[in-house]
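Enquirer: data-v3.csv is reproduced below (CSV, C-alpha atoms and all ligand atoms).
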chain,number,residue,atom,x,y,z
P,1,MET,CA,0.0,0.0,0.0
P,2,LYS,CA,1.3,3.4,-0.9
P,3,LYS,CA,0.4,5.9,1.8
P,4,GLY,CA,0.7,9.6,2.6
P,5,ILE,CA,-0.2,12.6,0.6
P,6,LEU,CA,0.0,12.2,-3.2
P,7,GLN,CA,2.3,14.8,-4.6
P,8,PRO,CA,2.3,16.5,-8.0
P,9,GLY,CA,4.4,14.4,-10.4
P,10,GLN,CA,2.7,11.2,-9.1
P,11,THR,CA,0.0,9.5,-11.2
P,12,ILE,CA,-3.7,9.3,-10.6
P,13,GLY,CA,-5.5,6.4,-12.3
P,14,ILE,CA,-9.0,7.2,-13.6
P,15,VAL,CA,-11.3,4.3,-14.3
P,16,GLY,CA,-13.7,5.3,-17.1
P,17,GLY,CA,-13.3,7.4,-20.2
P,18,GLY,CA,-16.2,9.9,-20.0
P,19,GLN,CA,-16.6,13.6,-19.4
P,20,LEU,CA,-16.4,13.3,-15.6
P,21,GLY,CA,-13.0,11.9,-16.0
P,22,ARG,CA,-12.1,14.6,-18.5
P,23,MET,CA,-13.1,17.4,-16.1
P,24,ALA,CA,-11.2,15.7,-13.2
P,25,ILE,CA,-8.1,15.4,-15.4
P,26,ARG,CA,-8.2,19.0,-16.3
P,27,GLU,CA,-7.9,19.8,-12.6
P,28,ALA,CA,-5.2,17.2,-12.0
P,29,ARG,CA,-3.1,18.7,-14.8
P,30,ARG,CA,-3.4,22.2,-13.4
P,31,SER,CA,-1.7,21.0,-10.2
P,32,GLY,CA,0.9,18.9,-12.0
P,33,TYR,CA,-0.4,15.4,-11.4
P,34,ARG,CA,-0.1,12.8,-14.1
P,35,THR,CA,-3.2,10.9,-15.1
P,36,LEU,CA,-3.8,7.5,-16.7
P,37,VAL,CA,-7.2,6.5,-17.9
P,38,PHE,CA,-8.5,2.9,-18.1
P,39,THR,CA,-11.5,2.5,-20.2
P,40,ASP,CA,-13.2,-0.2,-22.3
P,41,GLU,CA,-14.1,2.5,-24.8
P,42,PRO,CA,-12.1,3.0,-28.0
P,43,PRO,CA,-9.0,5.3,-28.0
P,44,GLY,CA,-9.7,9.0,-27.9
P,45,SER,CA,-12.4,8.9,-25.2
P,46,PRO,CA,-13.4,12.3,-23.7
P,47,ALA,CA,-11.1,11.6,-20.7
P,48,GLY,CA,-8.4,9.9,-22.8
P,49,GLN,CA,-8.0,12.9,-25.0
P,50,VAL,CA,-6.7,15.0,-22.1
P,51,ALA,CA,-4.9,12.4,-20.0
P,52,ASP,CA,-1.2,11.6,-20.0
P,53,GLY,CA,-2.1,8.1,-21.1
P,54,GLU,CA,-5.1,5.9,-21.9
P,55,ILE,CA,-5.4,2.2,-21.7
P,56,ASN,CA,-8.2,0.8,-23.8
P,57,ALA,CA,-9.1,-2.7,-22.7
P,58,SER,CA,-11.7,-4.8,-21.2
P,59,TYR,CA,-12.1,-4.7,-17.4
P,60,PHE,CA,-11.4,-8.4,-17.5
P,61,ASP,CA,-8.1,-8.1,-19.4
P,62,GLU,CA,-5.5,-9.1,-16.8
P,63,ASP,CA,-2.4,-7.9,-18.7
P,64,ALA,CA,-3.9,-4.4,-19.2
P,65,ARG,CA,-4.9,-4.3,-15.5
P,66,ILE,CA,-1.3,-5.2,-14.5
P,67,LYS,CA,0.1,-2.4,-16.7
P,68,PHE,CA,-2.4,0.1,-15.2
P,69,ILE,CA,-1.4,-1.0,-11.6
P,70,ARG,CA,2.3,-0.6,-12.4
P,71,GLU,CA,1.9,3.0,-13.7
P,72,VAL,CA,-0.5,4.6,-11.2
P,73,ASP,CA,-0.1,5.5,-7.5
P,74,VAL,CA,-3.8,5.8,-6.6
P,75,VAL,CA,-7.1,5.1,-8.3
P,76,THR,CA,-10.5,6.9,-8.6
P,77,VAL,CA,-13.5,6.2,-10.8
P,78,GLU,CA,-15.5,8.4,-13.0
P,79,PHE,CA,-18.5,6.1,-13.5
P,80,GLU,CA,-20.0,3.3,-11.4
P,81,ASN,CA,-20.6,0.4,-13.9
P,82,ILE,CA,-17.2,-1.1,-13.2
P,83,PRO,CA,-16.9,-4.8,-12.5
P,84,GLY,CA,-16.2,-5.4,-8.8
P,85,PRO,CA,-13.4,-7.9,-9.4
P,86,PHE,CA,-11.5,-5.3,-11.4
P,87,LEU,CA,-11.7,-2.8,-8.5
P,88,ALA,CA,-10.9,-5.6,-6.0
P,89,ALA,CA,-7.6,-6.4,-7.9
P,90,LEU,CA,-6.6,-2.8,-7.7
P,91,GLU,CA,-7.4,-2.5,-4.0
P,92,GLU,CA,-4.9,-5.3,-3.3
P,93,LYS,CA,-2.2,-3.0,-4.6
P,94,MET,CA,-3.1,0.6,-3.8
P,95,GLY,CA,-5.7,3.0,-2.6
P,96,VAL,CA,-9.0,3.0,-4.5
P,97,HIS,CA,-11.3,5.9,-3.7
P,98,PRO,CA,-14.2,5.4,-3.5
P,99,SER,CA,-13.9,1.8,-2.4
P,100,ARG,CA,-15.1,-1.2,-4.3
P,101,THR,CA,-17.8,-1.7,-1.7
P,102,ALA,CA,-19.1,1.8,-2.1
P,103,VAL,CA,-19.1,1.6,-5.9
P,104,GLU,CA,-20.8,-1.8,-5.8
P,105,ILE,CA,-23.6,-0.5,-3.6
P,106,CYS,CA,-24.2,2.5,-5.8
P,107,GLN,CA,-24.0,0.7,-9.2
P,108,ASN,CA,-27.0,-1.5,-8.5
P,109,ARG,CA,-30.4,-0.2,-7.5
P,110,GLU,CA,-31.3,-3.4,-5.6
P,111,ARG,CA,-28.1,-3.2,-3.5
P,112,GLU,CA,-28.5,0.6,-3.2
P,113,LYS,CA,-32.1,0.6,-2.1
P,114,THR,CA,-31.6,-2.3,0.3
P,115,TRP,CA,-28.6,-0.5,1.8
P,116,LEU,CA,-30.5,2.7,2.2
P,117,LYS,CA,-33.3,0.9,4.0
P,118,LYS,CA,-30.9,-1.1,6.2
P,119,ASN,CA,-29.3,2.2,7.2
P,120,LYS,CA,-32.6,3.9,7.9
P,121,ILE,CA,-32.2,6.5,5.2
P,122,PRO,CA,-35.6,7.7,4.0
P,123,CYS,CA,-36.5,6.6,0.5
P,124,ALA,CA,-39.5,5.6,-1.5
P,125,ASP,CA,-41.1,2.2,-0.5
P,126,PHE,CA,-39.9,-0.5,-2.9
P,127,ARG,CA,-39.9,-4.2,-3.7
P,128,VAL,CA,-37.2,-6.3,-5.5
P,129,VAL,CA,-38.7,-8.4,-8.3
P,130,LYS,CA,-37.3,-11.3,-10.3
P,131,ASN,CA,-40.3,-12.4,-12.4
P,132,VAL,CA,-43.7,-11.3,-13.6
P,133,GLU,CA,-45.5,-12.9,-10.6
P,134,GLU,CA,-43.4,-10.9,-8.1
P,135,LEU,CA,-44.0,-7.8,-10.2
P,136,ALA,CA,-47.7,-8.3,-10.0
P,137,VAL,CA,-47.5,-8.7,-6.2
P,138,ALA,CA,-45.3,-5.6,-5.9
P,139,VAL,CA,-47.6,-3.4,-8.0
P,140,ALA,CA,-50.6,-4.6,-5.9
P,141,GLU,CA,-48.8,-3.9,-2.6
P,142,LEU,CA,-47.3,-0.5,-3.6
P,143,GLY,CA,-50.2,0.7,-5.7
P,144,THR,CA,-50.0,2.9,-8.8
P,145,PRO,CA,-48.5,5.0,-10.0
P,146,CYS,CA,-45.2,3.2,-9.4
P,147,VAL,CA,-42.0,2.8,-11.4
P,148,ILE,CA,-40.1,-0.3,-12.4
P,149,LYS,CA,-36.3,0.1,-12.8
P,150,THR,CA,-33.8,-2.6,-13.8
P,151,ALA,CA,-31.4,-3.4,-10.9
P,152,ALA,CA,-28.3,-2.9,-13.0
P,153,PHE,CA,-27.0,-0.6,-15.8
P,154,GLY,CA,-29.7,2.0,-15.7
P,155,TYR,CA,-29.0,5.7,-16.3
P,156,ASP,CA,-30.7,8.8,-17.8
P,157,GLY,CA,-34.1,7.0,-17.5
P,158,LYS,CA,-32.9,3.9,-19.4
P,159,GLY,CA,-34.3,0.7,-18.1
P,160,GLN,CA,-37.3,2.4,-16.4
P,161,GLN,CA,-41.0,2.4,-16.9
P,162,LYS,CA,-43.7,4.2,-15.0
P,163,LEU,CA,-46.8,2.1,-14.3
P,164,THR,CA,-50.1,3.8,-13.9
P,165,GLY,CA,-52.3,0.7,-13.7
P,166,GLY,CA,-53.9,-1.4,-16.4
P,167,GLU,CA,-50.6,-2.3,-18.1
P,168,ASN,CA,-50.0,-5.8,-19.3
P,169,LEU,CA,-47.4,-6.7,-16.7
P,170,SER,CA,-46.0,-9.7,-18.8
P,171,ALA,CA,-45.3,-7.3,-21.6
P,172,VAL,CA,-43.7,-4.8,-19.2
P,173,TRP,CA,-41.5,-7.5,-17.7
P,174,GLU,CA,-40.5,-8.8,-21.1
P,175,SER,CA,-39.6,-5.4,-22.4
P,176,LEU,CA,-37.1,-4.8,-19.5
P,177,SER,CA,-35.2,-8.0,-20.4
P,178,ALA,CA,-33.4,-7.9,-17.1
P,179,PRO,CA,-33.1,-10.7,-14.5
P,180,ARG,CA,-33.9,-8.4,-11.5
P,181,ALA,CA,-35.6,-5.1,-11.0
P,182,VAL,CA,-36.8,-2.7,-8.4
P,183,VAL,CA,-40.4,-1.5,-8.2
P,184,GLU,CA,-40.8,1.7,-6.3
P,185,GLN,CA,-43.7,3.9,-5.2
P,186,TRP,CA,-44.1,7.0,-7.3
P,187,VAL,CA,-43.1,10.1,-5.3
P,188,ASP,CA,-45.3,13.2,-5.5
P,189,PHE,CA,-42.4,15.6,-5.4
P,190,VAL,CA,-42.4,19.4,-5.6
P,191,MET,CA,-38.7,19.5,-6.4
P,192,GLU,CA,-35.8,17.3,-7.1
P,193,ILE,CA,-32.5,18.3,-5.4
P,194,SER,CA,-29.1,16.9,-5.1
P,195,VAL,CA,-26.3,17.3,-2.6
P,196,VAL,CA,-22.8,16.8,-3.9
P,197,CYS,CA,-20.4,16.3,-1.1
P,198,ALA,CA,-16.9,15.1,-0.4
P,199,ARG,CA,-15.4,13.1,2.4
P,200,GLY,CA,-11.7,12.7,3.1
P,201,GLN,CA,-9.7,9.6,4.1
P,202,ASP,CA,-9.7,11.0,7.6
P,203,GLY,CA,-13.5,11.3,7.7
P,204,SER,CA,-13.6,15.1,7.2
P,205,PHE,CA,-16.8,16.1,5.3
P,206,VAL,CA,-18.1,19.1,3.3
P,207,HIS,CA,-21.0,19.5,1.0
P,208,PHE,CA,-21.9,22.0,-1.6
P,209,PRO,CA,-25.2,23.8,-1.2
P,210,PRO,CA,-28.1,21.6,-2.4
P,211,CYS,CA,-29.0,22.2,-6.1
P,212,GLU,CA,-32.4,22.1,-7.7
P,213,ASN,CA,-32.6,19.8,-10.7
P,214,ILE,CA,-35.1,19.9,-13.6
P,215,HIS,CA,-35.3,16.8,-15.8
P,216,ALA,CA,-36.6,16.6,-19.3
P,217,ARG,CA,-37.3,13.2,-20.8
P,218,HIS,CA,-35.6,11.6,-17.7
P,219,ILE,CA,-32.3,13.4,-18.4
P,220,LEU,CA,-31.0,16.3,-16.3
P,221,ASP,CA,-31.8,19.5,-18.2
P,222,ILE,CA,-31.2,22.4,-15.8
P,223,THR,CA,-29.6,22.7,-12.4
P,224,ILE,CA,-30.2,25.8,-10.3
P,225,ALA,CA,-27.7,26.4,-7.6
P,226,PRO,CA,-28.3,26.9,-4.8
P,227,ALA,CA,-31.8,25.3,-4.7
P,228,ARG,CA,-34.6,27.7,-3.9
P,229,ILE,CA,-35.5,26.0,-0.6
P,230,GLU,CA,-35.7,27.0,3.1
P,231,PRO,CA,-32.5,27.0,5.2
P,232,ALA,CA,-33.9,24.2,7.4
P,233,LEU,CA,-34.3,21.9,4.4
P,234,THR,CA,-30.8,22.8,3.2
P,235,ASP,CA,-29.5,21.7,6.6
P,236,GLU,CA,-31.5,18.5,6.6
P,237,ALA,CA,-30.3,17.6,3.1
P,238,GLY,CA,-26.7,18.2,4.1
P,239,LYS,CA,-27.1,16.1,7.2
P,240,LEU,CA,-28.6,13.3,5.2
P,241,ALA,CA,-25.7,13.3,2.7
P,242,GLU,CA,-23.2,13.4,5.6
P,243,ASN,CA,-24.9,10.3,7.2
P,244,ILE,CA,-24.8,8.4,4.0
P,245,ALA,CA,-21.1,9.3,3.3
P,246,ALA,CA,-20.2,8.2,6.8
P,247,ALA,CA,-22.1,5.0,6.7
P,248,LEU,CA,-20.4,4.1,3.4
P,249,LYS,CA,-17.0,5.0,5.0
P,250,TYR,CA,-16.8,7.0,1.8
P,251,CYS,CA,-13.7,8.7,0.3
P,252,GLY,CA,-14.1,10.9,-2.7
P,253,THR,CA,-16.9,13.0,-4.2
P,254,LEU,CA,-20.4,11.6,-3.7
P,255,ALA,CA,-23.7,12.8,-5.1
P,256,VAL,CA,-27.0,12.2,-3.4
P,257,GLU,CA,-30.2,12.8,-5.4
P,258,MET,CA,-33.3,13.5,-3.3
P,259,PHE,CA,-37.0,14.3,-3.8
P,260,VAL,CA,-38.6,17.0,-1.8
P,261,ARG,CA,-42.1,15.6,-1.2
P,262,ARG,CA,-45.2,17.7,-1.2
P,263,ASP,CA,-45.3,17.5,2.6
P,264,GLY,CA,-41.8,18.7,2.9
P,265,LYS,CA,-40.2,15.4,3.7
P,266,LEU,CA,-36.9,14.4,2.0
P,267,LEU,CA,-36.5,11.0,0.3
P,268,VAL,CA,-33.3,9.8,-1.2
P,269,ASN,CA,-33.6,8.8,-4.8
P,270,GLU,CA,-30.2,7.5,-5.8
P,271,LEU,CA,-26.4,7.8,-5.1
P,272,ALA,CA,-23.6,8.4,-7.5
P,273,PRO,CA,-20.1,7.5,-6.3
P,274,ARG,CA,-18.4,10.2,-8.3
P,275,PRO,CA,-18.8,13.8,-9.4
P,276,HIS,CA,-22.2,14.4,-10.7
P,277,ASN,CA,-23.9,16.3,-13.6
P,278,SER,CA,-25.7,18.5,-11.1
P,279,GLY,CA,-22.3,19.6,-9.7
P,280,HIS,CA,-20.8,21.0,-12.9
P,281,HIS,CA,-21.6,24.6,-11.9
P,282,THR,CA,-19.1,24.2,-9.0
P,283,ILE,CA,-16.3,24.6,-11.6
P,284,ASN,CA,-17.3,28.2,-12.1
P,285,ALA,CA,-19.3,29.0,-8.9
P,286,CYS,CA,-17.5,27.5,-5.9
P,287,VAL,CA,-14.3,27.9,-4.1
P,288,THR,CA,-13.3,24.3,-4.7
P,289,ASN,CA,-15.1,22.4,-7.4
P,290,GLN,CA,-16.4,18.9,-7.3
P,291,PHE,CA,-13.5,17.5,-9.3
P,292,GLN,CA,-10.9,19.2,-7.1
P,293,GLN,CA,-12.7,17.6,-4.2
P,294,GLN,CA,-12.4,14.2,-5.8
P,295,LEU,CA,-8.7,14.7,-6.4
P,296,ARG,CA,-7.9,16.2,-3.0
P,297,THR,CA,-9.6,13.4,-1.1
P,298,VAL,CA,-8.1,10.7,-3.3
P,299,ALA,CA,-4.7,12.3,-2.8
P,300,GLY,CA,-5.1,12.0,1.0
P,301,LEU,CA,-6.0,15.7,1.6
P,302,PRO,CA,-9.1,16.9,3.4
P,303,PRO,CA,-11.8,18.3,1.1
P,304,GLY,CA,-11.5,22.0,0.2
P,305,ASP,CA,-13.8,24.9,1.0
P,306,ALA,CA,-17.1,24.1,-0.6
P,307,ARG,CA,-18.6,27.5,-0.4
P,308,GLN,CA,-20.5,28.8,-3.5
P,309,HIS,CA,-19.4,32.3,-4.2
P,310,THR,CA,-21.9,33.1,-7.0
P,311,PRO,CA,-25.4,31.8,-7.8
P,312,ALA,CA,-25.4,29.7,-11.0
P,313,VAL,CA,-27.5,27.8,-13.5
P,314,MET,CA,-26.2,24.8,-15.5
P,315,VAL,CA,-27.8,23.8,-18.8
P,316,ASN,CA,-27.0,20.4,-20.3
P,317,LEU,CA,-26.3,20.3,-24.1
P,318,LEU,CA,-27.5,17.1,-25.6
P,319,GLY,CA,-26.8,15.7,-29.1
P,320,ASP,CA,-30.3,16.7,-30.2
P,321,LEU,CA,-29.0,20.2,-30.5
P,322,TRP,CA,-26.4,19.4,-33.1
P,323,PRO,CA,-27.6,20.0,-36.7
P,324,ALA,CA,-25.6,16.9,-37.8
P,325,PRO,CA,-23.6,14.3,-35.9
P,326,ASP,CA,-20.3,16.1,-36.6
P,327,LYS,CA,-21.6,19.7,-37.0
P,328,HIS,CA,-21.7,22.1,-34.1
P,329,PRO,CA,-24.6,24.4,-33.5
P,330,ASP,CA,-23.7,28.1,-33.6
P,331,TRP,CA,-22.5,28.8,-30.0
P,332,THR,CA,-22.5,32.6,-30.3
P,333,PRO,CA,-25.4,33.1,-27.8
P,334,VAL,CA,-23.4,31.3,-25.1
P,335,LEU,CA,-19.9,32.6,-26.1
P,336,ARG,CA,-20.8,36.3,-26.1
P,337,HIS,CA,-22.4,36.3,-22.7
P,338,PRO,CA,-20.0,37.8,-20.1
P,339,ARG,CA,-21.0,35.3,-17.3
P,340,ALA,CA,-21.5,32.2,-19.4
P,341,PHE,CA,-19.0,29.3,-19.6
P,342,LEU,CA,-19.2,26.7,-22.3
P,343,HIS,CA,-17.9,23.2,-21.6
P,344,LEU,CA,-17.8,20.7,-24.4
P,345,TYR,CA,-16.7,17.1,-23.8
P,346,GLY,CA,-14.9,16.3,-27.1
P,347,LYS,CA,-17.3,13.6,-28.2
P,348,LYS,CA,-16.8,13.0,-31.9
P,349,SER,CA,-20.3,12.2,-32.9
P,350,ALA,CA,-23.6,13.8,-31.6
P,351,ARG,CA,-26.5,11.4,-31.0
P,352,GLU,CA,-30.0,12.1,-29.7
P,353,ARG,CA,-30.0,12.3,-25.8
P,354,ARG,CA,-26.2,12.0,-25.7
P,355,LYS,CA,-24.6,14.5,-23.2
P,356,MET,CA,-22.2,16.5,-25.4
P,357,GLY,CA,-21.5,19.4,-23.0
P,358,HIS,CA,-23.1,22.0,-20.8
P,359,PHE,CA,-23.0,25.7,-20.1
P,360,THR,CA,-23.0,27.5,-16.8
P,361,LEU,CA,-24.4,30.9,-16.2
P,362,LEU,CA,-23.5,33.0,-13.2
P,363,GLY,CA,-25.9,35.6,-11.9
P,364,GLU,CA,-26.7,37.9,-9.0
P,365,THR,CA,-29.4,35.5,-7.8
P,366,PRO,CA,-30.5,32.0,-8.9
P,367,ASP,CA,-33.5,33.5,-10.6
P,368,ALA,CA,-31.4,36.1,-12.5
P,369,ALA,CA,-29.1,33.3,-13.7
P,370,LEU,CA,-32.1,31.3,-14.7
P,371,ALA,CA,-33.6,34.1,-16.7
P,372,ASP,CA,-30.3,34.6,-18.6
P,373,ALA,CA,-29.9,30.9,-19.2
P,374,ARG,CA,-33.4,30.6,-20.5
P,375,ALA,CA,-32.8,33.5,-22.9
P,376,ILE,CA,-29.7,31.7,-24.3
P,377,ARG,CA,-31.7,28.5,-24.6
P,378,ARG,CA,-34.3,30.3,-26.6
P,379,GLU,CA,-31.6,31.6,-29.0
P,380,LEU,CA,-30.2,28.1,-29.3
P,381,GLY,CA,-33.7,26.8,-30.1
P,382,MET,CA,-33.9,24.8,-26.9
P,383,GLU,CA,-37.1,26.3,-25.5
G,401,LIG,N1,-40.1,6.9,-7.6
G,401,LIG,C1,-40.2,8.0,-8.3
G,401,LIG,N2,-41.1,8.9,-8.2
G,401,LIG,C2,-41.2,10.0,-9.0
G,401,LIG,N3,-40.3,10.3,-10.0
G,401,LIG,C3,-39.3,9.4,-10.2
G,401,LIG,C4,-39.2,8.2,-9.4
G,401,LIG,N4,-38.1,7.5,-9.8
G,401,LIG,C5,-37.5,8.3,-10.8
G,401,LIG,N5,-38.2,9.4,-11.0
G,401,LIG,C6,-37.9,10.4,-12.1
G,401,LIG,O1,-37.0,9.8,-13.0
G,401,LIG,C7,-35.7,10.4,-13.0
G,401,LIG,C8,-34.7,9.4,-13.2
G,401,LIG,O2,-34.7,8.4,-12.3
G,401,LIG,P1,-33.4,7.9,-11.5
G,401,LIG,O3,-33.9,6.8,-10.5
G,401,LIG,O4,-32.7,9.0,-10.9
G,401,LIG,O5,-32.6,7.2,-12.6
G,401,LIG,P2,-31.4,7.6,-13.5
G,401,LIG,O6,-31.0,9.0,-13.1
G,401,LIG,O7,-30.3,6.6,-13.2
G,401,LIG,O8,-31.9,7.5,-14.9
G,401,LIG,C9,-35.7,11.0,-11.6
G,401,LIG,O9,-34.8,12.1,-11.5
G,401,LIG,C10,-37.1,11.5,-11.4
G,401,LIG,O10,-37.4,12.7,-12.2
G,402,MG,MG,-30.9,9.9,-11.3
Please express what this file holds, its structure, as structure tokens.

Expert:
Amino acid sequence: MKKGILQPGQTIGIVGGGQLGRMAIREARRSGYRTLVFTDEPPGSPAGQVADGEINASYFDEDARIKFIREVDVVTVEFENIPGPFLAALEEKMGVHPSRTAVEICQNREREKTWLKKNKIPCADFRVVKNVEELAVAVAELGTPCVIKTAAFGYDGKGQQKLTGGENLSAVWESLSAPRAVVEQWVDFVMEISVVCARGQDGSFVHFPPCENIHARHILDITIAPARIEPALTDEAGKLAENIAAALKYCGTLAVEMFVRRDGKLLVNELAPRPHNSGHHTINACVTNQFQQQLRTVAGLPPGDARQHTPAVMVNLLGDLWPAPDKHPDWTPVLRHPRAFLHLYGKKSARERRKMGHFTLLGETPDAALADARAIRRELGME
């Protein structure tokens, strides 16, 4: 085990090749750390483009894994769908933050929900189902509306279906084509919020102010930060995130998605063991951003100051906006605004629903930033 504080010049291994790795690497480079990406994507991944090196191999390729282990001093992850045995093999040789256990809990809804329940964290009532008979029982017990979600590999609404009653459950089960799923009660929420937080190897904890998240077609569309909620709810959400991070013995950046129910109660929706789309504004609006938090904690430092210095709104830019797969829209409306920041992820081909980039808008108040963001969206043809 290599211990102590990781110093510039040493190498951080990043598992995963997406935009979250890319943005973390940007921060690592600024402070002089080397980075090596391990991804099962083809060469030239969003993270690989900006890293010092990129290994493109299956997570089951032992030679590639040995090469990765030889070259890196510590490891972090930029997505959660990483086979447990791969992380276990890394953990035998060096620090992996967050741990295999934390990643495995967050990567699977069944494990995640069961863990939340066991740790008495409030979440929507749910049932685990393995066949259509169990699905029928679950729907009868939970009532409708409810939502069925595959246990593994779901994201951006993939592998989910809302059930309002009267569906042919055999057809629903067939269409999921998954061995296990979670059925959960539909939550009558007034707002979705997320708390992005960071916890160091020594247990020190900070969280960014909760953000307000607006989804469109099950994909995050707009984040408003800070969320327009009462201070008491902000405190409660922060406390909930702290309890979760502590119970997971977490090290790294963690995101906790929550529903604010109509009666004011907070319910946890899901956890992400990494920086989160709803934390991208922290790059431009906070003292220490979510990627710096990830690197600091992975390097053995306590998390940095998480204060937000300026209200912000983040707008996701999906492939739908591109006139052709390899042709950018005209970015002038974003580029010319004095408080707008355009972030593009270097993805070569735009596809419908694919996250291609985002822009962050700073403002005097969350509402002012939102008004400017909406004006830019109109000019881009997004509203
Ligand atoms: N039980 C629920 N009640 C109400 N809305 C839900 C529920 N589960 C999911 N949703 C909606 O669907 C979105 C995506 O679901 P989520 O479980 O976060 O999956 P993912 O983000 O992995 O696709 C949520 O942000 C929320 O808007
Ligand atoms: Mg989600």

Enquirer: In the coordinates of the file, take the point (3.2, 5.1, -13.1) and a cut-off of 12 Å; then, counting all atoms listed in the file, name each qualifying protein, DNA or RNA residue as a count of residues only.

Expert: 22

Enquirer: Near region 362-377 of chain P, counting all atoms listed in the file, which residues have an atom at most 6 Å away, once you skip same-chain residues fewer than 5 positions from it, shown as a PyMOL selection string?

Expert: chain P and resi 311-313+333+339+382-383

Enquirer: Give the residues close to ligand MG 402 (chain G), within 8 Å, counting all atoms listed in the file; write them as number ranges by chain.

Expert: P: 155-157, 257, 269-271

Enquirer: Would you pick out the contacts of Gly264 (chain P) at 10 Å or less, using only C-alpha atoms, so that residues sharing its chain but fewer than 5 positions from it are not included, and give the list as a list in words?

Expert: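 What passes the distance filter is Phe189, Val190, Met191, Leu233 and Phe259 of chain P.
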
Enquirer: For the atom pair CA of Cys286 (chain P) and CA of Gly346 (chain P), what is the interatomic distance in Å to one decimal place?

Expert: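 CA of Gly346 (chain P) lies 24.1 Å from CA of Cys286 (chain P).
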
Enquirer: Which residue is closest to ligand LIG 401 (chain G)? Choose from P:Leu142, P:Val187, P:Ala299, P:Leu248 and count all atoms listed in the file.

Expert: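 Distance minimum relative to ligand LIG 401 (chain G) lands on P:Val187.
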
Enquirer: Out of P:Ala324, P:Val139, P:Cys251, P:Cys123, which residue has the shortest atom-to-atom distance to Asp202 (chain P) when counting only C-alpha atoms?

Expert: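 With only C-alpha atoms as the atom set, the closest residue is P:Cys251.
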
Enquirer: Restricting the calculation to all atoms listed in the file: of P:Ala247, P:Ala255, P:Ala272, P:Ala138, which residue gets closest to Gln107 (chain P)?

Expert: P:Ala272

Enquirer: Taking only C-alpha atoms and all ligand atoms into account, report as a PyMOL selection string which residues have an atom no farther than 10 Å from an atom of ligand LIG 401 (chain G).

Expert: chain P and resi 107-109+123-126+145-150+152-162+183-189+191-194+213-220+256-259+261+267-272

Enquirer: Mind writing the picked residues with C-alpha atoms as an mmCIF file, in the coordinates of the input?

Expert:
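So out-v5.cif came out as:
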data_model
loop_
_atom_site.group_PDB
_atom_site.id
_atom_site.type_symbol
_atom_site.label_atom_id
_atom_site.label_comp_id
_atom_site.auth_asym_id
_atom_site.auth_seq_id
_atom_site.Cartn_x
_atom_site.Cartn_y
_atom_site.Cartn_z
ATOM 1 C CA GLN P 107 -24.000 0.700 -9.200
ATOM 2 C CA ASN P 108 -27.000 -1.500 -8.500
ATOM 3 C CA ARG P 109 -30.400 -0.200 -7.500
ATOM 4 C CA CYS P 123 -36.500 6.600 0.500
ATOM 5 C CA ALA P 124 -39.500 5.600 -1.500
ATOM 6 C CA ASP P 125 -41.100 2.200 -0.500
ATOM 7 C CA PHE P 126 -39.900 -0.500 -2.900
ATOM 8 C CA PRO P 145 -48.500 5.000 -10.000
ATOM 9 C CA CYS P 146 -45.200 3.200 -9.400
ATOM 10 C CA VAL P 147 -42.000 2.800 -11.400
ATOM 11 C CA ILE P 148 -40.100 -0.300 -12.400
ATOM 12 C CA LYS P 149 -36.300 0.100 -12.800
ATOM 13 C CA THR P 150 -33.800 -2.600 -13.800
ATOM 14 C CA ALA P 152 -28.300 -2.900 -13.000
ATOM 15 C CA PHE P 153 -27.000 -0.600 -15.800
ATOM 16 C CA GLY P 154 -29.700 2.000 -15.700
ATOM 17 C CA TYR P 155 -29.000 5.700 -16.300
ATOM 18 C CA ASP P 156 -30.700 8.800 -17.800
ATOM 19 C CA GLY P 157 -34.100 7.000 -17.500
ATOM 20 C CA LYS P 158 -32.900 3.900 -19.400
ATOM 21 C CA GLY P 159 -34.300 0.700 -18.100
ATOM 22 C CA GLN P 160 -37.300 2.400 -16.400
ATOM 23 C CA GLN P 161 -41.000 2.400 -16.900
ATOM 24 C CA LYS P 162 -43.700 4.200 -15.000
ATOM 25 C CA VAL P 183 -40.400 -1.500 -8.200
ATOM 26 C CA GLU P 184 -40.800 1.700 -6.300
ATOM 27 C CA GLN P 185 -43.700 3.900 -5.200
ATOM 28 C CA TRP P 186 -44.100 7.000 -7.300
ATOM 29 C CA VAL P 187 -43.100 10.100 -5.300
ATOM 30 C CA ASP P 188 -45.300 13.200 -5.500
ATOM 31 C CA PHE P 189 -42.400 15.600 -5.400
ATOM 32 C CA MET P 191 -38.700 19.500 -6.400
ATOM 33 C CA GLU P 192 -35.800 17.300 -7.100
ATOM 34 C CA ILE P 193 -32.500 18.300 -5.400
ATOM 35 C CA SER P 194 -29.100 16.900 -5.100
ATOM 36 C CA ASN P 213 -32.600 19.800 -10.700
ATOM 37 C CA ILE P 214 -35.100 19.900 -13.600
ATOM 38 C CA HIS P 215 -35.300 16.800 -15.800
ATOM 39 C CA ALA P 216 -36.600 16.600 -19.300
ATOM 40 C CA ARG P 217 -37.300 13.200 -20.800
ATOM 41 C CA HIS P 218 -35.600 11.600 -17.700
ATOM 42 C CA ILE P 219 -32.300 13.400 -18.400
ATOM 43 C CA LEU P 220 -31.000 16.300 -16.300
ATOM 44 C CA VAL P 256 -27.000 12.200 -3.400
ATOM 45 C CA GLU P 257 -30.200 12.800 -5.400
ATOM 46 C CA MET P 258 -33.300 13.500 -3.300
ATOM 47 C CA PHE P 259 -37.000 14.300 -3.800
ATOM 48 C CA ARG P 261 -42.100 15.600 -1.200
ATOM 49 C CA LEU P 267 -36.500 11.000 0.300
ATOM 50 C CA VAL P 268 -33.300 9.800 -1.200
ATOM 51 C CA ASN P 269 -33.600 8.800 -4.800
ATOM 52 C CA GLU P 270 -30.200 7.500 -5.800
ATOM 53 C CA LEU P 271 -26.400 7.800 -5.100
ATOM 54 C CA ALA P 272 -23.600 8.400 -7.500
#
